[in-house]
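A.B. asks: Supplied in C-alpha cells, the structure appears directly below.
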Protein chains: 2
Amino acid sequence: MSVTQHPSAQSDETAKPNTTTAPSGRIVISVDAMGGDRGPATVVAGLARSARKNPDIDFILHGPQDELERLVARRRNLAERVTIRDASDVVTMHDKPSQVVRQGKQTSMWSALESVRGGEAKICVSCGNTGALMALSMLRLRKLPGVNRPAIAVLWPSRNPQGFNVMLDVGADIRADEKDLLQYALMGASYARNGLHLARPRVGLLNVGTEEHKGRAELKLAHELIGKAAEAASFDFVGFVEGGDIPGDVCDVVVTDGFTGNIALKTGEGTASLIGDLLKEAFQYSPLSRVAALLALTSLRRLKKRIDPRRVNGGVFLGLNGPVVKSHGSADATGVSAAIKLAYQLAESGFQDKIAARVATAVSLAQDAAERGTGTE
Amino acid sequence: MSVTQHPSAQSDETAKPNTTTAPSGRIVISVDAMGGDRGPATVVAGLARSARKNPDIDFILHGPQDELERLVARRRNLAERVTIRDASDVVTMHDKPSQVVRQGKQTSMWSALESVRGGEAKICVSCGNTGALMALSMLRLRKLPGVNRPAIAVLWPSRNPQGFNVMLDVGADIRADEKDLLQYALMGASYARNGLHLARPRVGLLNVGTEEHKGRAELKLAHELIGKAAEAASFDFVGFVEGGDIPGDVCDVVVTDGFTGNIALKTGEGTASLIGDLLKEAFQYSPLSRVAALLALTSLRRLKKRIDPRRVNGGVFLGLNGPVVKSHGSADATGVSAAIKLAYQLAESGFQDKIAARVATAVSLAQDAAERGTGTE
C-alpha cells in the first residue's frame, strides 16, 4: 500500500547531464545515523558537508533523539534541513541478519528504511552491517517484480574516460544463475547510465578467459541471454571479460555472482592498500626520498584522490522497490558525504523509476518470448 | 615404468634453509624454449642469466635444433651446460588443449615434459599456453595418487615477513569440491614449507566472510576437513579469510577453487598495473613532480622490485608426478630467470618427494578414518 512503487514508470532511460531537478525541487534522503564504526557524530559531520555543497537536499535522520538533536544543533546549516526520527536500538556489525529481521523493529536501520517505504524519502543511506541492511531492505522494501536476487553494485576506479566502472554483484547473494546474471546486466547498465552518464554502456561478463567455450555452465547460458537482451536494453555486450578488465577499459559494467564479486572487490582493495603502504615506506626510506615526497606532494595527492575509496564510497542495492546506498562501515565524514552525494545523484536522476521500468520491460519481453515458444528455456 | 615416482619417499618435511645440495650435486631442469610471446632468444637469455647465478644447474632445452644451437652458441657460459632436444612443432597461445593432447607429440612442450617423465630432469619450465601445458602434464606425468584435481599455485606479494603468500588454485580447474580444497591445503602448505621456508605455514580458506556460517556448502565442509587435517600435516588452519587477506598477513597459504583464484589473481594484477600507470602519470604532471621523480628514483625502484611480477614469475603445477613451473607467457629474460630459480629451489629441496609423501599420508589417514567409520562422509 505505502510502498514507493512506480506503476506509471514508462520514461525511456537516456543519459543526460545531471542538471535537471525533480519537480518538487528538493530531494529528501533518509540517513541511518547509527551502526557505522565511527558513530553518529561522523555521520552528522558528513551530512553537514553534503548540506553545504547541495542546497537541494533535506534529511530524515534516524537514531536516539537526544543524541542526534545535540549533534545537529552544533551545525549551523543543518537544523532547518534535518528531521530526526527517534530509534533507540542499533544494529551492530556482529548482529546476524536473521536476528535483525526478527527483532530489529526499534533499530535506526529499520526506521531509515521505513522512510523510503512510506514515500517520505527518495533513497536511504546507511553505514551499518551489510548483511542486515540487505535482509531488512528485502523484507521492508521488497524485491522489484521480475527480480529474483537483488545485487550490490560498486564503482571501481578504471582506465575508462569516466574514471570508474560498475561491478555487480559484490556480495548481496553468494549464488547467481543465468537469469540473475541477466538481471544484473540490465540493472548494472541502468546504473551506469544514471550514475556515470553513459548513453550506451558496454557490459562484460566476468570469467576465467574470454573464449566462449570457457567457464561454468551458467556463464555460457548467461552469455547467450545477455547477448540477446543487449539491443532492446540499449547496451553493448562485449562478452566475457577477465579479472584484469575490472579496472580496465574494455567495458563499463562488470557482471558476476556475489561470491566472485566480493572476493574480487576485497582483493583489489587489499592490493591497492598494500601498494599505498609500500609507497609510503619507499618515500620515508632516505632523506633524499623524503625531499622527493615533499616535492611530489601535489601529484601524489591527486593520485590518492583518484583512487581514494572514500570518494567512491557506497555500494548501491539494486532490484528493490526503493534504492539503498550502503556506505563503508569505517567511512569518515568525507566518506559519508560521498555516499550522500551518490544517493542524491541517483534520486535526482529518477533512477528508481528507470530501473523498475527496465526490469519490467525485460520481464515482459521474456514472457512474450516464452508465449511465442521462442524462449531460451 | 619410467615415470619419476618416489615410492621410497618417507622423509619428513621440515623447513630448512636452502643450503643443502642434492646428492648428485647438479640439478637438471627441462626447459621448453618455444611458446612464449617473446620467442626462444628471450628464453635462452634467461637461461644464460640463471646459469651465471647458479653453477649447479644443467639444462635440457627443447625446440628446433638449428635455431637453438645458434642461440646457445652465442652465450659463452651455456654451451657445456645445455643439451638440446629437437622438436619441430610449437604450441601457440591459441591452440586448444584438447587439440594439443591429440596432435602435440612433435611439440617442444611435449618434449620438455618427457624429460621429466623419463627421469632425466627434475622439473620442467615452460612459458607456453597454460591450458595446453596443464592438459599435457596431466596426460604425460599423471596425477599423484590421491589427487583428484591438480592445482596451479602462485606467490603473491604480501605483508608477511617472507614477502609473499602462496595462493592456489589460480586456474588449473574451474571447480573444486571439499576434498579438492583439502588437497590444495596440503599441497599449498608443502609448497610454503619448501618454497618460502616456513616450518609451520598458516593456511586460510578463501570466503566472503570470516564467520563459520558464511559461504557455499562445499566451503563449510572444506573448513571441517582442513581443520581436522591441520595437526597431522603440520600446518595451522586460521579458518576463513577474505580477498583482502590474499596480500595480507593473517595467513601464508590461501586456498580457493580455480575460478575464484584466477579472477582474484587477475584483479590484483590489474589493480597494481593501474596504480603503477597512475603513479607514472602523477610524476610526469608538472616540472616539480618530474624533479621529485628523479629524487625518488631509488626508492621507487625498490618498491617496483618488491612488487614486480617478473620477480615472482612462475605458477607451479601441484599434484602431478613431477613438478612443472609455468612462466608468464610475456616473460622477459629476468622473468624466465626467476621461473628457473624457482624451479631450481623446488628441485633442490626435494619438494616433489615431500609433496607426494604428504598427499599419500593424507590419503591413508582418510582411508583409516573411513574404515573406522569416523570419516566425514
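Just so we're on the same page: first chain in the C-alpha cells is A, next is B, and so on; residues restart at 1 for each chain, and ligands are numbered from 1 in the order they show up.
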Pull out every residue of chain B sitting within 7 Å of chain A, counting only C-alpha atoms, and send them as a PyMOL selection string.
C.D. replies: chain B and resi 174+208+215+242-244+246-247+259-260+262-264+266-272+278-279+282-283+285+288-289+292-293+295-296+299-300+303
A.B. asks: Would you mind listing what lies within 8 Å of B:Ala185 as a list in words, with only C-alpha atoms counted and same-chain residues fewer than 6 positions away left out?
C.D. replies: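 Those residues are Val203, Ile226, Val253 and Val255 of chain B.
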A.B. asks: Would you write out those residues with C-alpha atoms, as an mmCIF file, in the first residue's frame?
C.D. replies:
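Generated file (part_2.cif):
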```
data_model
loop_
_atom_site.group_PDB
_atom_site.id
_atom_site.type_symbol
_atom_site.label_atom_id
_atom_site.label_comp_id
_atom_site.auth_asym_id
_atom_site.auth_seq_id
_atom_site.Cartn_x
_atom_site.Cartn_y
_atom_site.Cartn_z
ATOM 1 C CA VAL B 203 46.518 -21.874 5.889
ATOM 2 C CA ILE B 226 41.083 -28.885 6.620
ATOM 3 C CA VAL B 253 48.628 -20.003 2.150
ATOM 4 C CA VAL B 255 43.153 -21.982 -0.593
#
```
A.B. asks: Please indicate the distance in Å from atom CA of B:Ala347 to atom CA of B:Asn77, rounded to one decimal place.
C.D. replies: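 Atom-to-atom, atom CA of B:Ala347 to atom CA of B:Asn77, that is 21.8 Å.
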A.B. asks: Which neighbours of stretch 36-42 of chain B fall inside 9 Å, counting only C-alpha atoms, when residues of the same chain fewer than 3 positions from it are skipped, and could you give them as an mmCIF file with all heavy atoms, in the first residue's frame?
C.D. replies:
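Heads up, here's the output in part-v6.cif:
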```cif
data_model
loop_
_atom_site.group_PDB
_atom_site.id
_atom_site.type_symbol
_atom_site.label_atom_id
_atom_site.label_comp_id
_atom_site.auth_asym_id
_atom_site.auth_seq_id
_atom_site.Cartn_x
_atom_site.Cartn_y
_atom_site.Cartn_z
ATOM 1 N N ASP B 32 61.202 -25.660 -21.963
ATOM 2 C CA ASP B 32 60.533 -25.510 -23.256
ATOM 3 C C ASP B 32 60.948 -24.150 -23.820
ATOM 4 O O ASP B 32 60.609 -23.114 -23.252
ATOM 5 C CB ASP B 32 59.014 -25.573 -23.006
ATOM 6 C CG ASP B 32 58.189 -25.252 -24.239
ATOM 7 O OD1 ASP B 32 58.754 -25.189 -25.346
ATOM 8 O OD2 ASP B 32 56.964 -25.078 -24.081
ATOM 9 N N ALA B 33 61.693 -24.149 -24.928
ATOM 10 C CA ALA B 33 62.215 -22.885 -25.459
ATOM 11 C C ALA B 33 61.162 -22.098 -26.233
ATOM 12 O O ALA B 33 61.326 -20.903 -26.480
ATOM 13 C CB ALA B 33 63.417 -23.152 -26.364
ATOM 14 N N ALA B 45 68.273 -16.218 -23.220
ATOM 15 C CA ALA B 45 68.855 -15.125 -22.427
ATOM 16 C C ALA B 45 68.584 -15.356 -20.937
ATOM 17 O O ALA B 45 69.457 -15.121 -20.093
ATOM 18 C CB ALA B 45 68.271 -13.787 -22.868
ATOM 19 N N GLY B 46 67.382 -15.830 -20.627
ATOM 20 C CA GLY B 46 67.046 -16.139 -19.229
ATOM 21 C C GLY B 46 67.900 -17.286 -18.694
ATOM 22 O O GLY B 46 68.380 -17.248 -17.563
ATOM 23 N N LEU B 47 68.114 -18.293 -19.531
ATOM 24 C CA LEU B 47 68.954 -19.435 -19.165
ATOM 25 C C LEU B 47 70.372 -18.964 -18.834
ATOM 26 O O LEU B 47 70.973 -19.393 -17.847
ATOM 27 C CB LEU B 47 69.050 -20.397 -20.359
ATOM 28 C CG LEU B 47 68.382 -21.762 -20.242
ATOM 29 C CD1 LEU B 47 66.884 -21.563 -20.031
ATOM 30 C CD2 LEU B 47 68.629 -22.607 -21.477
ATOM 31 N N GLY B 63 63.206 -27.571 -28.592
ATOM 32 C CA GLY B 63 62.746 -26.700 -29.676
ATOM 33 C C GLY B 63 63.500 -27.059 -30.948
ATOM 34 O O GLY B 63 64.208 -28.065 -30.999
ATOM 35 N N GLU B 67 67.954 -23.583 -34.697
ATOM 36 C CA GLU B 67 67.762 -22.266 -34.094
ATOM 37 C C GLU B 67 68.338 -22.231 -32.678
ATOM 38 O O GLU B 67 69.032 -21.293 -32.296
ATOM 39 C CB GLU B 67 66.261 -21.950 -34.069
ATOM 40 C CG GLU B 67 65.975 -20.519 -33.681
ATOM 41 C CD GLU B 67 64.490 -20.183 -33.799
ATOM 42 O OE1 GLU B 67 63.690 -21.078 -34.166
ATOM 43 O OE2 GLU B 67 64.126 -19.024 -33.500
ATOM 44 N N LEU B 68 68.058 -23.268 -31.901
ATOM 45 C CA LEU B 68 68.525 -23.280 -30.514
ATOM 46 C C LEU B 68 70.053 -23.380 -30.455
ATOM 47 O O LEU B 68 70.689 -22.738 -29.629
ATOM 48 C CB LEU B 68 67.880 -24.437 -29.746
ATOM 49 C CG LEU B 68 66.353 -24.360 -29.584
ATOM 50 C CD1 LEU B 68 65.854 -25.472 -28.664
ATOM 51 C CD2 LEU B 68 65.906 -23.000 -29.057
ATOM 52 N N LEU B 71 71.429 -19.962 -30.971
ATOM 53 C CA LEU B 71 71.211 -19.084 -29.814
ATOM 54 C C LEU B 71 72.127 -19.452 -28.642
ATOM 55 O O LEU B 71 72.671 -18.576 -27.968
ATOM 56 C CB LEU B 71 69.747 -19.148 -29.370
ATOM 57 C CG LEU B 71 68.722 -18.500 -30.309
ATOM 58 C CD1 LEU B 71 67.297 -18.881 -29.918
ATOM 59 C CD2 LEU B 71 68.890 -16.978 -30.307
ATOM 60 N N VAL B 72 72.289 -20.742 -28.421
ATOM 61 C CA VAL B 72 73.111 -21.188 -27.288
ATOM 62 C C VAL B 72 74.593 -20.898 -27.549
ATOM 63 O O VAL B 72 75.322 -20.500 -26.631
ATOM 64 C CB VAL B 72 72.876 -22.692 -27.005
ATOM 65 C CG1 VAL B 72 73.920 -23.230 -26.025
ATOM 66 C CG2 VAL B 72 71.465 -22.912 -26.462
ATOM 67 N N THR B 92 50.947 -22.940 -29.796
ATOM 68 C CA THR B 92 50.720 -21.491 -29.749
ATOM 69 C C THR B 92 49.725 -21.161 -28.631
ATOM 70 O O THR B 92 49.089 -22.054 -28.059
ATOM 71 C CB THR B 92 50.144 -20.959 -31.079
ATOM 72 O OG1 THR B 92 48.782 -21.412 -31.180
ATOM 73 C CG2 THR B 92 50.943 -21.458 -32.262
ATOM 74 N N MET B 93 49.595 -19.860 -28.329
ATOM 75 C CA MET B 93 48.670 -19.415 -27.293
ATOM 76 C C MET B 93 47.211 -19.672 -27.689
ATOM 77 O O MET B 93 46.326 -19.650 -26.849
ATOM 78 C CB MET B 93 48.868 -17.919 -27.002
ATOM 79 C CG MET B 93 50.189 -17.610 -26.296
ATOM 80 S SD MET B 93 50.299 -18.362 -24.640
ATOM 81 C CE MET B 93 52.000 -17.923 -24.179
ATOM 82 N N SER B 126 58.071 -23.943 -18.592
ATOM 83 C CA SER B 126 57.562 -23.532 -19.902
ATOM 84 C C SER B 126 56.880 -22.180 -19.806
ATOM 85 O O SER B 126 56.231 -21.875 -18.809
ATOM 86 C CB SER B 126 56.566 -24.568 -20.437
ATOM 87 O OG SER B 126 55.937 -24.099 -21.625
ATOM 88 N N CYS B 127 57.034 -21.339 -20.862
ATOM 89 C CA CYS B 127 56.317 -20.055 -20.936
ATOM 90 C C CYS B 127 55.048 -20.197 -21.766
ATOM 91 O O CYS B 127 54.385 -19.206 -22.056
ATOM 92 C CB CYS B 127 57.163 -18.981 -21.629
ATOM 93 S SG CYS B 127 58.755 -18.686 -20.912
ATOM 94 N N GLY B 128 54.724 -21.414 -22.173
ATOM 95 C CA GLY B 128 53.654 -21.593 -23.160
ATOM 96 C C GLY B 128 52.248 -21.531 -22.583
ATOM 97 O O GLY B 128 52.051 -21.303 -21.390
ATOM 98 N N ASN B 129 51.289 -21.749 -23.463
ATOM 99 C CA ASN B 129 49.842 -21.838 -23.231
ATOM 100 C C ASN B 129 49.503 -22.660 -21.968
ATOM 101 O O ASN B 129 49.728 -23.870 -21.923
ATOM 102 C CB ASN B 129 49.315 -22.511 -24.510
ATOM 103 C CG ASN B 129 47.834 -22.743 -24.546
ATOM 104 O OD1 ASN B 129 47.211 -22.978 -23.519
ATOM 105 N ND2 ASN B 129 47.283 -22.676 -25.746
ATOM 106 N N SER B 327 55.895 -20.330 -16.511
ATOM 107 C CA SER B 327 56.303 -18.931 -16.525
ATOM 108 C C SER B 327 55.264 -18.112 -17.284
ATOM 109 O O SER B 327 54.546 -18.632 -18.140
ATOM 110 C CB SER B 327 57.659 -18.826 -17.198
ATOM 111 O OG SER B 327 57.874 -17.532 -17.693
ATOM 112 N N HIS B 328 55.168 -16.832 -16.968
ATOM 113 C CA HIS B 328 54.287 -15.916 -17.702
ATOM 114 C C HIS B 328 54.617 -15.964 -19.187
ATOM 115 O O HIS B 328 55.788 -16.003 -19.561
ATOM 116 C CB HIS B 328 54.529 -14.492 -17.196
ATOM 117 C CG HIS B 328 53.264 -13.761 -16.890
ATOM 118 N ND1 HIS B 328 52.401 -13.363 -17.866
ATOM 119 C CD2 HIS B 328 52.704 -13.396 -15.718
ATOM 120 C CE1 HIS B 328 51.361 -12.759 -17.302
ATOM 121 N NE2 HIS B 328 51.518 -12.771 -15.985
ATOM 122 N N GLY B 329 53.598 -15.964 -20.040
ATOM 123 C CA GLY B 329 53.827 -16.010 -21.483
ATOM 124 C C GLY B 329 54.646 -14.829 -21.973
ATOM 125 O O GLY B 329 55.428 -14.939 -22.907
ATOM 126 N N SER B 330 54.462 -13.681 -21.299
ATOM 127 C CA SER B 330 55.146 -12.468 -21.768
ATOM 128 C C SER B 330 56.463 -12.222 -21.024
ATOM 129 O O SER B 330 57.023 -11.135 -21.095
ATOM 130 C CB SER B 330 54.227 -11.265 -21.566
ATOM 131 O OG SER B 330 53.920 -11.149 -20.188
ATOM 132 N N ALA B 331 56.944 -13.251 -20.309
ATOM 133 C CA ALA B 331 58.159 -13.077 -19.507
ATOM 134 C C ALA B 331 59.347 -12.644 -20.362
ATOM 135 O O ALA B 331 59.555 -13.160 -21.458
ATOM 136 C CB ALA B 331 58.489 -14.376 -18.782
ATOM 137 N N ASP B 332 60.135 -11.695 -19.832
ATOM 138 C CA ASP B 332 61.396 -11.335 -20.473
ATOM 139 C C ASP B 332 62.509 -12.178 -19.837
ATOM 140 O O ASP B 332 62.222 -13.095 -19.053
ATOM 141 C CB ASP B 332 61.671 -9.837 -20.326
ATOM 142 C CG ASP B 332 61.736 -9.417 -18.875
ATOM 143 O OD1 ASP B 332 61.748 -10.295 -17.990
ATOM 144 O OD2 ASP B 332 61.772 -8.202 -18.611
ATOM 145 N N ALA B 333 63.767 -11.873 -20.147
ATOM 146 C CA ALA B 333 64.862 -12.705 -19.642
ATOM 147 C C ALA B 333 64.866 -12.746 -18.114
ATOM 148 O O ALA B 333 65.107 -13.804 -17.515
ATOM 149 C CB ALA B 333 66.194 -12.175 -20.176
ATOM 150 N N VAL B 336 62.080 -15.161 -17.080
ATOM 151 C CA VAL B 336 62.447 -16.564 -17.332
ATOM 152 C C VAL B 336 63.442 -17.021 -16.275
ATOM 153 O O VAL B 336 63.330 -18.114 -15.704
ATOM 154 C CB VAL B 336 63.039 -16.735 -18.747
ATOM 155 C CG1 VAL B 336 63.618 -18.132 -18.932
ATOM 156 C CG2 VAL B 336 61.975 -16.456 -19.807
#
```
A.B. asks: Considering only C-alpha atoms, return as a PyMOL selection string whatever protein or nucleic-acid residues lie within 12 Å of B:Ala79, sequence-local ones (same chain, fewer than 6 positions apart) excluded.
C.D. replies: chain B and resi 44+47-48+51+58-61+68-73
A.B. asks: Emit the selected residues as a PDB file, in the first residue's frame, including N, CA and C atoms.
C.D. replies:
```pdb
ATOM      1  N   VAL B  44      66.528 -18.250 -23.956  1.00  0.00           N
ATOM      2  CA  VAL B  44      67.966 -18.552 -23.854  1.00  0.00           C
ATOM      3  C   VAL B  44      68.689 -17.456 -23.057  1.00  0.00           C
ATOM      4  N   LEU B  47      68.114 -18.293 -19.531  1.00  0.00           N
ATOM      5  CA  LEU B  47      68.954 -19.435 -19.165  1.00  0.00           C
ATOM      6  C   LEU B  47      70.372 -18.964 -18.834  1.00  0.00           C
ATOM      7  N   ALA B  48      70.897 -18.080 -19.678  1.00  0.00           N
ATOM      8  CA  ALA B  48      72.269 -17.590 -19.502  1.00  0.00           C
ATOM      9  C   ALA B  48      72.392 -16.874 -18.158  1.00  0.00           C
ATOM     10  N   ALA B  51      72.270 -19.450 -15.401  1.00  0.00           N
ATOM     11  CA  ALA B  51      73.490 -20.267 -15.389  1.00  0.00           C
ATOM     12  C   ALA B  51      74.623 -19.526 -14.690  1.00  0.00           C
ATOM     13  N   ASP B  58      72.055 -27.664 -14.749  1.00  0.00           N
ATOM     14  CA  ASP B  58      72.210 -28.016 -16.156  1.00  0.00           C
ATOM     15  C   ASP B  58      70.839 -27.965 -16.817  1.00  0.00           C
ATOM     16  N   PHE B  59      70.814 -27.759 -18.133  1.00  0.00           N
ATOM     17  CA  PHE B  59      69.536 -27.612 -18.826  1.00  0.00           C
ATOM     18  C   PHE B  59      69.363 -28.636 -19.945  1.00  0.00           C
ATOM     19  N   ILE B  60      68.131 -29.090 -20.119  1.00  0.00           N
ATOM     20  CA  ILE B  60      67.755 -29.746 -21.371  1.00  0.00           C
ATOM     21  C   ILE B  60      66.797 -28.784 -22.046  1.00  0.00           C
ATOM     22  N   LEU B  61      67.125 -28.331 -23.250  1.00  0.00           N
ATOM     23  CA  LEU B  61      66.360 -27.287 -23.921  1.00  0.00           C
ATOM     24  C   LEU B  61      65.642 -27.873 -25.141  1.00  0.00           C
ATOM     25  N   LEU B  68      68.058 -23.268 -31.901  1.00  0.00           N
ATOM     26  CA  LEU B  68      68.525 -23.280 -30.514  1.00  0.00           C
ATOM     27  C   LEU B  68      70.053 -23.380 -30.455  1.00  0.00           C
ATOM     28  N   GLU B  69      70.623 -24.156 -31.357  1.00  0.00           N
ATOM     29  CA  GLU B  69      72.091 -24.278 -31.368  1.00  0.00           C
ATOM     30  C   GLU B  69      72.742 -22.933 -31.605  1.00  0.00           C
ATOM     31  N   ARG B  70      72.180 -22.179 -32.535  1.00  0.00           N
ATOM     32  CA  ARG B  70      72.716 -20.857 -32.837  1.00  0.00           C
ATOM     33  C   ARG B  70      72.612 -19.943 -31.609  1.00  0.00           C
ATOM     34  N   LEU B  71      71.429 -19.962 -30.971  1.00  0.00           N
ATOM     35  CA  LEU B  71      71.211 -19.084 -29.814  1.00  0.00           C
ATOM     36  C   LEU B  71      72.127 -19.452 -28.642  1.00  0.00           C
ATOM     37  N   VAL B  72      72.289 -20.742 -28.421  1.00  0.00           N
ATOM     38  CA  VAL B  72      73.111 -21.188 -27.288  1.00  0.00           C
ATOM     39  C   VAL B  72      74.593 -20.898 -27.549  1.00  0.00           C
ATOM     40  N   ALA B  73      75.003 -21.059 -28.797  1.00  0.00           N
ATOM     41  CA  ALA B  73      76.422 -20.865 -29.149  1.00  0.00           C
ATOM     42  C   ALA B  73      76.877 -19.446 -28.849  1.00  0.00           C
TER      43      ALA B  73
END
```
A.B. asks: Check the smallest atom-to-atom distance from each of B:Glu80, B:Asp257, B:Asp180, B:Asp89 to B:Gln106 using only C-alpha atoms, then report the winner.
C.D. replies: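 Going through B:Glu80, B:Asp257, B:Asp180, B:Asp89 one by one, the smallest distance to B:Gln106 is for B:Asp89.
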